[in-house]
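Asker: To start, I am sharing the structure in question, which I have written as structure tokens.
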Amino acid sequence: MKNKNNKKKKETSEKPGKKDLVKNLLMIVLLFVFTASVFALFDVSEEKPKEITLSELAGRISEERVKQIIVKQKDNTIEIELADGVKEISRKDISSSLEKLLREDYGVEQEKISKANISIKGESSAEIWARALLPILLPLLLIGFLLWMMMGQAQKSNIQAMTFGRSTARFLKPGEKKKRTTFKDVAGVIEAKEELQEIVEFLKSPKKFLELGARIPRGVILLGPPGTGKTLLAKAVAGEANVPFFNISGSEFVEMFVGVGASRVRDLFKTAKKNAPSILFIDEIDAVGRHRGAGLGGGHDEREQTLNQILVEMDGFDTETNVIVIAATNRPDVLDPALLRPGRFDRRVMIDLPDIKDREAILKVHAKGKPMSKDVDLRKVAERTPGFSGADLFNLLNEAAILAARRNKKIIENREVLESVEKVMLGPERKSNLLLKKEKKIAAYHEAGHALLGHLLPNTDPIHKISIISRGRAAGYTLNLPAEDKHLHSKSEFVDNLAMLLGGYAAEKIVFNDLTTGASSDLSKASVLARELITKYGMSEKLGPIVFGQHSDTVFLGKEIHEQRNYSEQVAADIDHEVGRFMNNALETAIEVINKNKDKLDKIANKLMEAETIEKEEFEKLMEN
């Protein structure tokens with residue numbers, strides 16, 4: 001199935017408080033720059049002329065060296081411009097005029113005073129008002145601007161407080177072709193699409209159903225493992241029906257303050273009803289829809305209040321709504337029974353992990369837009385990926401593209417795709433984890449033991465690859481994958497798988513007459529499988545078809561954390577004895593097969609020590625020879 005390619009864009013904006021603080025500081029800086037610029041107009045910093053006395057001025061006038069004299073009434077400053085262009089200044093007494101001073105006190109002739117071109121410059125009214133008012137107005141303007149910004153912040157905070165209880169759902173308008181998703185974009189899940197197709201028909205032509213007395217389903221809940229495309233299917237329903245689509249996560253309802261979740265639920269359903277017919281999608285509904293009365297928070301727990309409001313909105317007194325609620329969760333067992341009853345969620349659509357055909361179809365969808373080499377067989381890739389979800393398959397091809405780009409290739413070849421399968425399953429190669437020569441030999445015989453048992457035993461899956469290159473926590477690995485998806489498993493299949501799991505342990509014991517810690521993971525898996533054969537599947541001949549213990553796959557408040565034992569100590573001892581019997585029989589089978597085919601074990605081990613990796617075709621040829 002196509003993964004969520006058009007993921008929601010993450011908001012990278014700063015927090016509102018920090019952003020507003022930066023904005024305010026910037027405005028204050030700009031205001032101070034403006035104020036400084038205004039004052040600079042009245043105080044231009046130029047190079048000041050030389051200041052002389054009145055006696056020196058009288059001497060220059062007598063020598064006829066003065067071209068022009070300007071007397072400023074504002075401060076009785078005398079600006080002097082000489083004939084050679086030099087500018088000087090002087091000052092006079094306020095009580096008398098310059099001509100009188102020059103003539104009476106310094107004895108300058110009137111004719112020479114006239115040649116000096118004395119003029120008097122008065123102060124303009126604009127300058128007088130500006131000089132008088134600016135020192136008063138500018139501080140007032142600055143204080144007023146700061147008060148205005150503070151009032152704006154307070155008003156903004158009030159608006160945020162008023163809108164705190166509003167829904168934060170994303171809204172997808174009908175008719176937006178670029179963002180529209182349809183069933184064609186979803187690969188596989190044929191049964192789920194058929195169930196949801198009826199919802200689309202309800203929304204397109206409700207009269208056809210209402211005439212027969214059918215009621216439009218209130219809600220549809222999508223159940224399935226993570227990554228199987230539940231959100232994508234909900235978008236496809238809205239795209240097919242071409243109706244408004246509201247998308248919200250269950251965790252977005254609950255906040256720190258009491259009552260906010262219920263308020264947002266009311267606002268969300270109110271908005272959806274205004275745009276009816278519409279689809280309301282709640283992702284991860286288990287965040288607010290868990291069992292009530294778990295003993296934490298009492299009846300006033302915020303999560304419980306939010307759930308109660310959802311229950312009322314979905315099937316309360318208002319029964320004439322045309323809003324279909326689609327919810328998704330991968331933990332249906334933790335949901336409250338009142339949420340799952342008919343009338344609220346009328347339909348449960350199971351979305352399982354894709355089978356081999358669906359995986360191939362999903363890979364073809366995700367391969368679009370990627371330059372793939374002709375040698376890439378997506379069918380073989382699908383065979384190697386049992387248990388992969390749509391998200392895993394998308395990640396697989398994405399890792400292959402990254403790997404090809406790292407190797408400076410223009411197309412994605414089969415080598416990159418197969419390496420990506422192992423990287424997603426087991427982790428990246430640990431190239432720095434180099435084994436010693438002796439450890440390499442032990443790892444080679446260990447994996448050869450697994451591969452030999454997997455090849456010779458009749459009820460095991462085919463061997464696809466053997467490697468002694470470290471990946472993740474494994475020093476080596478043997479991939480045996482089913483050719484077809486299996487839904488039922490037999491006792492003989494489990495018994496052979498037990499023997500294969502102990503193949504590495506048996507090989508180390510036969511070849512080196514010693515044991516290492518390399519078999520610890522295999523022993524753990526085999527022990528769990530042997531116990532499940534007895535307690536879960538009833539495959540023990542001694543204990544019979546009985547399930548021992550009440551098991552819970554998930555743990556959460558309100559349910560038991562541990563297994564409940566419904567059997568006696570004597571039965572527990574019998575179970576332990578049966579587990580030991582299954583394990584010992586599997587080990588005897590592994591030792592017997594390896595002893596009979598010691599030459600093949602040596603061939604596989606020697607090839608591994610030489611090449612470190614053996615692919616399926618090479619391994620089959622090696623076994624034939």
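Please note that chains go A, B, ... in the order of the structure tokens, that every chain numbers its residues from 1, and that ligands are numbered from 1 in the order shown.
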Mind the document's chain letters and residue numbers, and return as a list of chain:residue names the residues of segment 411-563 of chain A that DSSP labels strand (DSSP E or B).
Answerer: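 Going through segment 411-563 of chain A, the strand (DSSP E or B) residues come out as A:Ile412, A:Glu429, A:Ile463, A:His464, A:Lys465, A:Ile466, A:Ser467, A:Arg471, A:Ala474, A:Tyr477, A:Thr478, A:Leu479, A:Asn480, A:Gln550.
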Asker: List as a ChimeraX atom specification the protein and nucleic acid residues near Ala238 of chain A, meaning an atom at most 7 Å away when only C-alpha atoms are counted, but skip any in the same chain fewer than 6 places from it.
Answerer: /A:244-245,279
Asker: I want to know what sits within 7 Å of Ile70 of chain A, based on only C-alpha atoms, with residues of the same chain fewer than 2 positions away left out; could you give that as a PDB file with N, CA and C atoms, in the first residue's frame?
Answerer:
```
ATOM      1  N   GLN A  68      32.107  88.054   2.627  1.00  0.00           N
ATOM      2  CA  GLN A  68      30.728  88.101   3.107  1.00  0.00           C
ATOM      3  C   GLN A  68      30.694  87.805   4.591  1.00  0.00           C
ATOM      4  N   LYS A  72      23.872  85.693  12.681  1.00  0.00           N
ATOM      5  CA  LYS A  72      22.702  84.914  13.091  1.00  0.00           C
ATOM      6  C   LYS A  72      22.145  85.467  14.386  1.00  0.00           C
ATOM      7  N   ILE A  78      28.712  85.009  14.245  1.00  0.00           N
ATOM      8  CA  ILE A  78      29.101  85.711  13.015  1.00  0.00           C
ATOM      9  C   ILE A  78      29.815  84.707  12.125  1.00  0.00           C
ATOM     10  N   GLU A  79      29.254  84.415  10.950  1.00  0.00           N
ATOM     11  CA  GLU A  79      29.869  83.513   9.969  1.00  0.00           C
ATOM     12  C   GLU A  79      30.600  84.375   8.950  1.00  0.00           C
ATOM     13  N   ILE A  80      31.877  84.109   8.784  1.00  0.00           N
ATOM     14  CA  ILE A  80      32.752  84.951   7.938  1.00  0.00           C
ATOM     15  C   ILE A  80      33.262  84.101   6.792  1.00  0.00           C
ATOM     16  N   ILE A 118      27.643  92.742   4.946  1.00  0.00           N
ATOM     17  CA  ILE A 118      27.077  92.219   6.194  1.00  0.00           C
ATOM     18  C   ILE A 118      25.587  92.023   6.017  1.00  0.00           C
ATOM     19  N   SER A 119      25.111  90.766   6.335  1.00  0.00           N
ATOM     20  CA  SER A 119      23.670  90.457   6.281  1.00  0.00           C
ATOM     21  C   SER A 119      23.257  89.798   7.597  1.00  0.00           C
ATOM     22  N   ILE A 120      21.975  89.997   7.960  1.00  0.00           N
ATOM     23  CA  ILE A 120      21.453  89.470   9.218  1.00  0.00           C
ATOM     24  C   ILE A 120      20.424  88.366   8.906  1.00  0.00           C
ATOM     25  N   LYS A 121      20.627  87.159   9.521  1.00  0.00           N
ATOM     26  CA  LYS A 121      19.754  86.001   9.290  1.00  0.00           C
ATOM     27  C   LYS A 121      18.964  85.712  10.553  1.00  0.00           C
TER      28      LYS A 121
END
```
Asker: Leaving out Arg359 of chain A and any residue of its chain fewer than 3 positions from it, which residues lie within 10 Å of it when counting only C-alpha atoms, given as a PDB file with N, CA and C atoms, in the first residue's frame?
Answerer:
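The new file around-v2.pdb reads:
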```pdb
ATOM      1  N   MET A   1       0.855  -1.189   0.000  1.00  0.00           N
ATOM      2  CA  MET A   1       0.000   0.000   0.000  1.00  0.00           C
ATOM      3  C   MET A   1       0.884   1.229   0.000  1.00  0.00           C
ATOM      4  N   ALA A 187      -2.545   0.732  -2.769  1.00  0.00           N
ATOM      5  CA  ALA A 187      -2.332  -0.609  -3.322  1.00  0.00           C
ATOM      6  C   ALA A 187      -2.734  -1.661  -2.295  1.00  0.00           C
ATOM      7  N   GLY A 188      -3.298  -2.766  -2.782  1.00  0.00           N
ATOM      8  CA  GLY A 188      -3.686  -3.853  -1.889  1.00  0.00           C
ATOM      9  C   GLY A 188      -4.959  -3.539  -1.124  1.00  0.00           C
ATOM     10  N   LEU A 353      -1.408  -6.878   7.614  1.00  0.00           N
ATOM     11  CA  LEU A 353      -0.156  -6.712   6.874  1.00  0.00           C
ATOM     12  C   LEU A 353      -0.321  -7.282   5.470  1.00  0.00           C
ATOM     13  N   PRO A 354       0.246  -6.657   4.468  1.00  0.00           N
ATOM     14  CA  PRO A 354       0.031  -7.108   3.081  1.00  0.00           C
ATOM     15  C   PRO A 354       0.639  -8.477   2.813  1.00  0.00           C
ATOM     16  N   ASP A 355      -0.060  -9.257   1.972  1.00  0.00           N
ATOM     17  CA  ASP A 355       0.494 -10.544   1.546  1.00  0.00           C
ATOM     18  C   ASP A 355       1.455 -10.314   0.390  1.00  0.00           C
ATOM     19  N   ILE A 356       1.930 -11.391  -0.209  1.00  0.00           N
ATOM     20  CA  ILE A 356       2.989 -11.262  -1.209  1.00  0.00           C
ATOM     21  C   ILE A 356       2.518 -10.493  -2.447  1.00  0.00           C
ATOM     22  N   ILE A 362       2.442  -2.780  -3.786  1.00  0.00           N
ATOM     23  CA  ILE A 362       2.903  -1.608  -3.038  1.00  0.00           C
ATOM     24  C   ILE A 362       4.290  -1.183  -3.502  1.00  0.00           C
ATOM     25  N   LEU A 363       5.151  -2.147  -3.736  1.00  0.00           N
ATOM     26  CA  LEU A 363       6.497  -1.829  -4.224  1.00  0.00           C
ATOM     27  C   LEU A 363       6.448  -1.140  -5.587  1.00  0.00           C
ATOM     28  N   LYS A 364       5.514  -1.560  -6.442  1.00  0.00           N
ATOM     29  CA  LYS A 364       5.377  -0.916  -7.747  1.00  0.00           C
ATOM     30  C   LYS A 364       4.923   0.529  -7.602  1.00  0.00           C
ATOM     31  N   VAL A 365       4.050   0.778  -6.620  1.00  0.00           N
ATOM     32  CA  VAL A 365       3.592   2.153  -6.389  1.00  0.00           C
ATOM     33  C   VAL A 365       4.742   3.029  -5.912  1.00  0.00           C
ATOM     34  N   LEU A 378      10.780  -7.034  -8.511  1.00  0.00           N
ATOM     35  CA  LEU A 378       9.999  -6.672  -7.328  1.00  0.00           C
ATOM     36  C   LEU A 378       9.274  -7.873  -6.742  1.00  0.00           C
ATOM     37  N   ARG A 379       9.012  -8.895  -7.563  1.00  0.00           N
ATOM     38  CA  ARG A 379       8.387 -10.110  -7.042  1.00  0.00           C
ATOM     39  C   ARG A 379       9.325 -10.807  -6.054  1.00  0.00           C
ATOM     40  N   VAL A 381      11.679  -9.346  -4.379  1.00  0.00           N
ATOM     41  CA  VAL A 381      11.762  -8.481  -3.212  1.00  0.00           C
ATOM     42  C   VAL A 381      10.563  -8.717  -2.300  1.00  0.00           C
ATOM     43  N   ALA A 382       9.383  -8.895  -2.902  1.00  0.00           N
ATOM     44  CA  ALA A 382       8.180  -9.181  -2.119  1.00  0.00           C
ATOM     45  C   ALA A 382       8.307 -10.510  -1.387  1.00  0.00           C
ATOM     46  N   GLU A 383       8.964 -11.502  -2.013  1.00  0.00           N
ATOM     47  CA  GLU A 383       9.171 -12.795  -1.363  1.00  0.00           C
ATOM     48  C   GLU A 383      10.080 -12.670  -0.151  1.00  0.00           C
ATOM     49  N   THR A 385      10.269 -10.172   1.884  1.00  0.00           N
ATOM     50  CA  THR A 385       9.790  -9.215   2.879  1.00  0.00           C
ATOM     51  C   THR A 385       8.485  -9.651   3.527  1.00  0.00           C
ATOM     52  N   PRO A 386       8.351 -10.882   4.008  1.00  0.00           N
ATOM     53  CA  PRO A 386       7.118 -11.248   4.716  1.00  0.00           C
ATOM     54  C   PRO A 386       7.011 -10.486   6.035  1.00  0.00           C
ATOM     55  N   GLY A 387       5.809 -10.026   6.343  1.00  0.00           N
ATOM     56  CA  GLY A 387       5.611  -9.272   7.568  1.00  0.00           C
ATOM     57  C   GLY A 387       5.895  -7.794   7.442  1.00  0.00           C
ATOM     58  N   PHE A 388       6.316  -7.324   6.269  1.00  0.00           N
ATOM     59  CA  PHE A 388       6.578  -5.904   6.065  1.00  0.00           C
ATOM     60  C   PHE A 388       5.267  -5.159   5.862  1.00  0.00           C
ATOM     61  N   SER A 389       5.144  -3.982   6.454  1.00  0.00           N
ATOM     62  CA  SER A 389       3.985  -3.124   6.222  1.00  0.00           C
ATOM     63  C   SER A 389       4.261  -2.199   5.037  1.00  0.00           C
ATOM     64  N   GLY A 390       3.251  -1.421   4.661  1.00  0.00           N
ATOM     65  CA  GLY A 390       3.443  -0.473   3.563  1.00  0.00           C
ATOM     66  C   GLY A 390       4.516   0.543   3.888  1.00  0.00           C
ATOM     67  N   LEU A 393       7.929  -1.044   3.391  1.00  0.00           N
ATOM     68  CA  LEU A 393       8.288  -1.182   1.982  1.00  0.00           C
ATOM     69  C   LEU A 393       8.719   0.160   1.389  1.00  0.00           C
TER      70      LEU A 393
END
```
Asker: Step one, run DSSP on the backbone; step two, keep only residues of segment 371-609 of chain A assigned to helix (DSSP H, G or I); then write them as a PyMOL selection string.
Answerer: chain A and resi 378-383+390-406+414-426+437-456+491-501+503-512+517-535+569-596+598-609
Asker: Within 8 Å of segment 332-344 of chain A, counting only C-alpha atoms, which residues show up once you throw out same-chain ones fewer than 3 positions away? Write them as number ranges by chain, please.
Answerer: A: 217-219, 223, 286, 289-292, 311, 314-315, 329, 347, 556
Asker: Any idea what's packed within 9 Å of segment 595-611 of chain A, counting only C-alpha atoms, ignoring anything in its chain fewer than 4 positions away? Could you give it as a list in words?
Answerer: Lys440, Lys441, Ile442, Ala443, Ala444, Tyr445, His446, Glu447, Ala448, Gly449, Ala451, Leu452, Ile466, Ser467, Ile468, Ala507, Ile510, Ala590, Ile591, Phe619, Leu622 and Met623 of chain A
